[in-house]
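**Q** This is the structure, below, for whatever I ask next.
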Amino acid sequence: MQFNRSEIIVPQGNRYPDGALVVDGYDGVGRLLAHPVGGGLQFIIGAEQLAQLRRVAAEERRNPRLRRAQFGMDGVHGRFHGWTAGESWNGWAKPMFELQEARRVISAMPELKGQYDASDDRCITLSQDGEEEAWNAELIQPDGGGTVKVYPVGAGCWCWDEIPNN
């Protein structure tokens with residue numbers, strides 16, 4: 001199977017974004033070059049493995065699978081329970097937290113001042129150097145139904161790790 005530059009692909013049997021890659025092209029001997037969605041090192045995939053990959057349809061990208069997960073960060077004590085679509089930013093997790101847990105995240109960061117702004121329904125953090133970030137509420141619809149309000153505190157900005165459930 002031939003893939004085009006910038007297409008999003010996943011291993012057969014995976015649902016986006018689990019294992020999602022962005023196609024970079026092919027090398028001189030026909031191997032596929034691709035990197036993880038959200039950044040990371042480039043993979044070199046041999047022709048014999050191409051049949052194990054599939055294109056991700058636009059509809060699947062618009063409605064990623066949302067699931068509960070635990071997150072942590074170097075230098076910050078504790079694990080934090082939140083939600084993920086499995087997406088990453090420069091290889092780091094992009095968590096979303098319900099309000100009580102978002103407040104716990106902010107209070108665990110000794111170098112930050114933070115608060116919940118009820119009038120704008122957002123969490124605000126202020127770093128020691130005066131940089132303010134606002135984490136606006138979002139409504140998500142996790143697998144299994146329902147709607148959950150979350151705040152993406154640090155997503156796409158801080159170096160979060162998803163912690164496997166053991």
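Following the order of the structure tokens, first chain is A, next is B, and so on, with residues numbered from 1 inside each chain and ligands from 1 in the order they appear.
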If you count only C-alpha atoms, which residues fall within 6 Å of region 44-57 of chain A, apart from same-chain ones fewer than 4 positions away, as a PDB file with all heavy atoms, in the first residue's frame?
**A**
ATOM      1  N   ILE A   8      -2.287  10.706   7.822  1.00  0.00           N
ATOM      2  CA  ILE A   8      -2.224  10.124   9.158  1.00  0.00           C
ATOM      3  C   ILE A   8      -2.538   8.642   9.009  1.00  0.00           C
ATOM      4  O   ILE A   8      -3.519   8.264   8.375  1.00  0.00           O
ATOM      5  CB  ILE A   8      -3.256  10.769  10.111  1.00  0.00           C
ATOM      6  CG1 ILE A   8      -3.154  12.294  10.103  1.00  0.00           C
ATOM      7  CG2 ILE A   8      -3.131  10.186  11.516  1.00  0.00           C
ATOM      8  CD1 ILE A   8      -1.933  12.855  10.762  1.00  0.00           C
ATOM      9  N   ILE A   9      -1.680   7.812   9.604  1.00  0.00           N
ATOM     10  CA  ILE A   9      -1.854   6.363   9.531  1.00  0.00           C
ATOM     11  C   ILE A   9      -1.759   5.771  10.942  1.00  0.00           C
ATOM     12  O   ILE A   9      -1.186   6.388  11.845  1.00  0.00           O
ATOM     13  CB  ILE A   9      -0.808   5.712   8.600  1.00  0.00           C
ATOM     14  CG1 ILE A   9       0.626   6.020   9.072  1.00  0.00           C
ATOM     15  CG2 ILE A   9      -1.007   6.179   7.156  1.00  0.00           C
ATOM     16  CD1 ILE A   9       1.727   5.333   8.279  1.00  0.00           C
ATOM     17  N   VAL A  10      -2.350   4.592  11.114  1.00  0.00           N
ATOM     18  CA  VAL A  10      -2.261   3.851  12.378  1.00  0.00           C
ATOM     19  C   VAL A  10      -2.103   2.373  12.051  1.00  0.00           C
ATOM     20  O   VAL A  10      -2.471   1.930  10.961  1.00  0.00           O
ATOM     21  CB  VAL A  10      -3.510   4.048  13.279  1.00  0.00           C
ATOM     22  CG1 VAL A  10      -3.632   5.463  13.774  1.00  0.00           C
ATOM     23  CG2 VAL A  10      -4.766   3.587  12.598  1.00  0.00           C
ATOM     24  N   PRO A  11      -1.583   1.598  13.000  1.00  0.00           N
ATOM     25  CA  PRO A  11      -1.540   0.155  12.795  1.00  0.00           C
ATOM     26  C   PRO A  11      -2.962  -0.414  12.683  1.00  0.00           C
ATOM     27  O   PRO A  11      -3.884   0.073  13.343  1.00  0.00           O
ATOM     28  CB  PRO A  11      -0.847  -0.362  14.063  1.00  0.00           C
ATOM     29  CG  PRO A  11      -0.054   0.801  14.558  1.00  0.00           C
ATOM     30  CD  PRO A  11      -0.882   2.001  14.226  1.00  0.00           C
ATOM     31  N   GLN A  12      -3.134  -1.434  11.837  1.00  0.00           N
ATOM     32  CA  GLN A  12      -4.425  -2.111  11.723  1.00  0.00           C
ATOM     33  C   GLN A  12      -4.889  -2.513  13.115  1.00  0.00           C
ATOM     34  O   GLN A  12      -4.098  -2.977  13.929  1.00  0.00           O
ATOM     35  CB  GLN A  12      -4.295  -3.370  10.850  1.00  0.00           C
ATOM     36  CG  GLN A  12      -3.936  -3.101   9.418  1.00  0.00           C
ATOM     37  CD  GLN A  12      -5.107  -2.565   8.595  1.00  0.00           C
ATOM     38  OE1 GLN A  12      -6.240  -2.505   9.035  1.00  0.00           O
ATOM     39  NE2 GLN A  12      -4.806  -2.176   7.362  1.00  0.00           N
ATOM     40  N   ARG A  31      11.443   2.560   1.712  1.00  0.00           N
ATOM     41  CA  ARG A  31      10.927   2.435   3.075  1.00  0.00           C
ATOM     42  C   ARG A  31      10.130   3.685   3.446  1.00  0.00           C
ATOM     43  O   ARG A  31      10.502   4.799   3.077  1.00  0.00           O
ATOM     44  CB  ARG A  31      12.066   2.234   4.070  1.00  0.00           C
ATOM     45  CG  ARG A  31      12.826   0.941   3.832  1.00  0.00           C
ATOM     46  CD  ARG A  31      13.971   0.786   4.790  1.00  0.00           C
ATOM     47  NE  ARG A  31      14.913   1.890   4.603  1.00  0.00           N
ATOM     48  CZ  ARG A  31      16.090   1.990   5.211  1.00  0.00           C
ATOM     49  NH1 ARG A  31      16.471   1.068   6.073  1.00  0.00           N
ATOM     50  NH2 ARG A  31      16.887   3.014   4.988  1.00  0.00           N
ATOM     51  N   LEU A  32       9.034   3.475   4.180  1.00  0.00           N
ATOM     52  CA  LEU A  32       8.182   4.572   4.615  1.00  0.00           C
ATOM     53  C   LEU A  32       8.851   5.329   5.754  1.00  0.00           C
ATOM     54  O   LEU A  32       9.390   4.724   6.679  1.00  0.00           O
ATOM     55  CB  LEU A  32       6.828   4.020   5.090  1.00  0.00           C
ATOM     56  CG  LEU A  32       5.822   5.038   5.615  1.00  0.00           C
ATOM     57  CD1 LEU A  32       5.283   5.897   4.476  1.00  0.00           C
ATOM     58  CD2 LEU A  32       4.678   4.334   6.324  1.00  0.00           C
ATOM     59  N   LEU A  33       8.801   6.644   5.682  1.00  0.00           N
ATOM     60  CA  LEU A  33       9.313   7.515   6.743  1.00  0.00           C
ATOM     61  C   LEU A  33       8.121   8.199   7.382  1.00  0.00           C
ATOM     62  O   LEU A  33       7.292   8.786   6.683  1.00  0.00           O
ATOM     63  CB  LEU A  33      10.278   8.550   6.174  1.00  0.00           C
ATOM     64  CG  LEU A  33      11.451   7.997   5.353  1.00  0.00           C
ATOM     65  CD1 LEU A  33      12.248   9.124   4.729  1.00  0.00           C
ATOM     66  CD2 LEU A  33      12.337   7.119   6.234  1.00  0.00           C
TER      67      LEU A  33
END
**Q** Hey, what does DSSP flag as helix (DSSP H, G or I) within region 38-115 of chain A? Can you give it to me as a ChimeraX atom specification?
**A** /A:47-52,58-62,99-108
**Q** Those residues with N, CA and C atoms, as a PDB file, in the first residue's frame please?
**A**
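To be explicit, this is the file written out as part_18.pdb:
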ATOM      1  N   ALA A  47       8.897  -2.129   3.667  1.00  0.00           N
ATOM      2  CA  ALA A  47       7.779  -2.445   2.773  1.00  0.00           C
ATOM      3  C   ALA A  47       6.953  -3.618   3.289  1.00  0.00           C
ATOM      4  N   GLU A  48       7.586  -4.583   3.948  1.00  0.00           N
ATOM      5  CA  GLU A  48       6.869  -5.752   4.456  1.00  0.00           C
ATOM      6  C   GLU A  48       5.904  -5.403   5.591  1.00  0.00           C
ATOM      7  N   GLN A  49       6.062  -4.247   6.204  1.00  0.00           N
ATOM      8  CA  GLN A  49       5.192  -3.834   7.309  1.00  0.00           C
ATOM      9  C   GLN A  49       4.055  -2.915   6.864  1.00  0.00           C
ATOM     10  N   LEU A  50       4.062  -2.456   5.628  1.00  0.00           N
ATOM     11  CA  LEU A  50       3.061  -1.495   5.167  1.00  0.00           C
ATOM     12  C   LEU A  50       1.642  -2.049   5.215  1.00  0.00           C
ATOM     13  N   ALA A  51       1.489  -3.346   4.988  1.00  0.00           N
ATOM     14  CA  ALA A  51       0.154  -3.950   5.012  1.00  0.00           C
ATOM     15  C   ALA A  51      -0.458  -3.927   6.413  1.00  0.00           C
ATOM     16  N   GLN A  52       0.361  -3.684   7.431  1.00  0.00           N
ATOM     17  CA  GLN A  52      -0.124  -3.633   8.806  1.00  0.00           C
ATOM     18  C   GLN A  52      -0.591  -2.235   9.201  1.00  0.00           C
ATOM     19  N   ALA A  58     -10.927  11.246   8.014  1.00  0.00           N
ATOM     20  CA  ALA A  58     -11.130  12.546   8.660  1.00  0.00           C
ATOM     21  C   ALA A  58     -12.134  12.450   9.802  1.00  0.00           C
ATOM     22  N   GLU A  59     -13.191  11.681   9.629  1.00  0.00           N
ATOM     23  CA  GLU A  59     -14.208  11.535  10.673  1.00  0.00           C
ATOM     24  C   GLU A  59     -13.608  10.925  11.946  1.00  0.00           C
ATOM     25  N   GLU A  60     -12.730   9.968  11.792  1.00  0.00           N
ATOM     26  CA  GLU A  60     -12.087   9.336  12.942  1.00  0.00           C
ATOM     27  C   GLU A  60     -11.191  10.338  13.675  1.00  0.00           C
ATOM     28  N   ARG A  61     -10.506  11.222  12.932  1.00  0.00           N
ATOM     29  CA  ARG A  61      -9.665  12.248  13.550  1.00  0.00           C
ATOM     30  C   ARG A  61     -10.505  13.279  14.295  1.00  0.00           C
ATOM     31  N   ARG A  62     -11.692  13.579  13.799  1.00  0.00           N
ATOM     32  CA  ARG A  62     -12.557  14.561  14.466  1.00  0.00           C
ATOM     33  C   ARG A  62     -13.149  14.015  15.760  1.00  0.00           C
ATOM     34  N   LEU A  99     -12.529  19.655  37.184  1.00  0.00           N
ATOM     35  CA  LEU A  99     -12.174  20.845  37.966  1.00  0.00           C
ATOM     36  C   LEU A  99     -11.447  20.530  39.266  1.00  0.00           C
ATOM     37  N   GLN A 100     -11.940  19.607  40.059  1.00  0.00           N
ATOM     38  CA  GLN A 100     -11.297  19.313  41.342  1.00  0.00           C
ATOM     39  C   GLN A 100      -9.849  18.872  41.138  1.00  0.00           C
ATOM     40  N   GLU A 101      -9.610  18.045  40.125  1.00  0.00           N
ATOM     41  CA  GLU A 101      -8.249  17.559  39.873  1.00  0.00           C
ATOM     42  C   GLU A 101      -7.396  18.665  39.265  1.00  0.00           C
ATOM     43  N   ALA A 102      -7.975  19.522  38.437  1.00  0.00           N
ATOM     44  CA  ALA A 102      -7.233  20.659  37.880  1.00  0.00           C
ATOM     45  C   ALA A 102      -6.744  21.571  39.006  1.00  0.00           C
ATOM     46  N   ARG A 103      -7.582  21.793  39.994  1.00  0.00           N
ATOM     47  CA  ARG A 103      -7.172  22.603  41.159  1.00  0.00           C
ATOM     48  C   ARG A 103      -6.038  21.922  41.914  1.00  0.00           C
ATOM     49  N   ARG A 104      -6.109  20.602  42.029  1.00  0.00           N
ATOM     50  CA  ARG A 104      -5.044  19.844  42.710  1.00  0.00           C
ATOM     51  C   ARG A 104      -3.729  19.947  41.945  1.00  0.00           C
ATOM     52  N   VAL A 105      -3.809  19.886  40.613  1.00  0.00           N
ATOM     53  CA  VAL A 105      -2.613  20.040  39.770  1.00  0.00           C
ATOM     54  C   VAL A 105      -1.965  21.389  40.039  1.00  0.00           C
ATOM     55  N   ILE A 106      -2.750  22.433  39.997  1.00  0.00           N
ATOM     56  CA  ILE A 106      -2.218  23.783  40.182  1.00  0.00           C
ATOM     57  C   ILE A 106      -1.597  23.943  41.566  1.00  0.00           C
ATOM     58  N   SER A 107      -2.239  23.411  42.586  1.00  0.00           N
ATOM     59  CA  SER A 107      -1.692  23.556  43.946  1.00  0.00           C
ATOM     60  C   SER A 107      -0.427  22.727  44.142  1.00  0.00           C
ATOM     61  N   ALA A 108      -0.207  21.703  43.317  1.00  0.00           N
ATOM     62  CA  ALA A 108       0.994  20.871  43.435  1.00  0.00           C
ATOM     63  C   ALA A 108       2.224  21.506  42.788  1.00  0.00           C
TER      64      ALA A 108
END
**Q** Considering only C-alpha atoms, state which residue in the set A:Cys123, A:Val29, A:Ala69, A:Leu112 is at the smallest distance from His81 (chain A).
**A**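 Of A:Cys123, A:Val29, A:Ala69, A:Leu112, the one nearest His81 (chain A) is A:Ala69, counting only C-alpha atoms.
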**Q** Counting only C-alpha atoms, which residues in region 24-79 of chain A sit no more than 9 Å from region 86-92 of chain A? For each one, give the nearest pair of atoms and the distance in Å, sorted by chain then residue number, as a Markdown table.
**A**
| residue | atom | partner | partner_atom | distance |
| --- | --- | --- | --- | --- |
| A:Pro36 | CA | A:Gly91 | CA | 7.9 |
| A:Val37 | CA | A:Ser88 | CA | 6.9 |
| A:Gly38 | CA | A:Trp89 | CA | 4.5 |
| A:Gly39 | CA | A:Asn90 | CA | 4.4 |
| A:Gly40 | CA | A:Gly91 | CA | 5.4 |
| A:Leu41 | CA | A:Gly91 | CA | 8.8 |
| A:Pro64 | CA | A:Gly86 | CA | 8.3 |
| A:Arg65 | CA | A:Gly86 | CA | 7.8 |
| A:Leu66 | CA | A:Gly86 | CA | 7.5 |
| A:Arg67 | CA | A:Gly86 | CA | 8.3 |
**Q** Excluding same-chain residues fewer than 3 positions from region 133-150 of chain A, what lies within 9 Å of it counting only C-alpha atoms, as a PyMOL selection string?
**A** chain A and resi 65-68+82-83+85+96-99+102+120-127+153-155
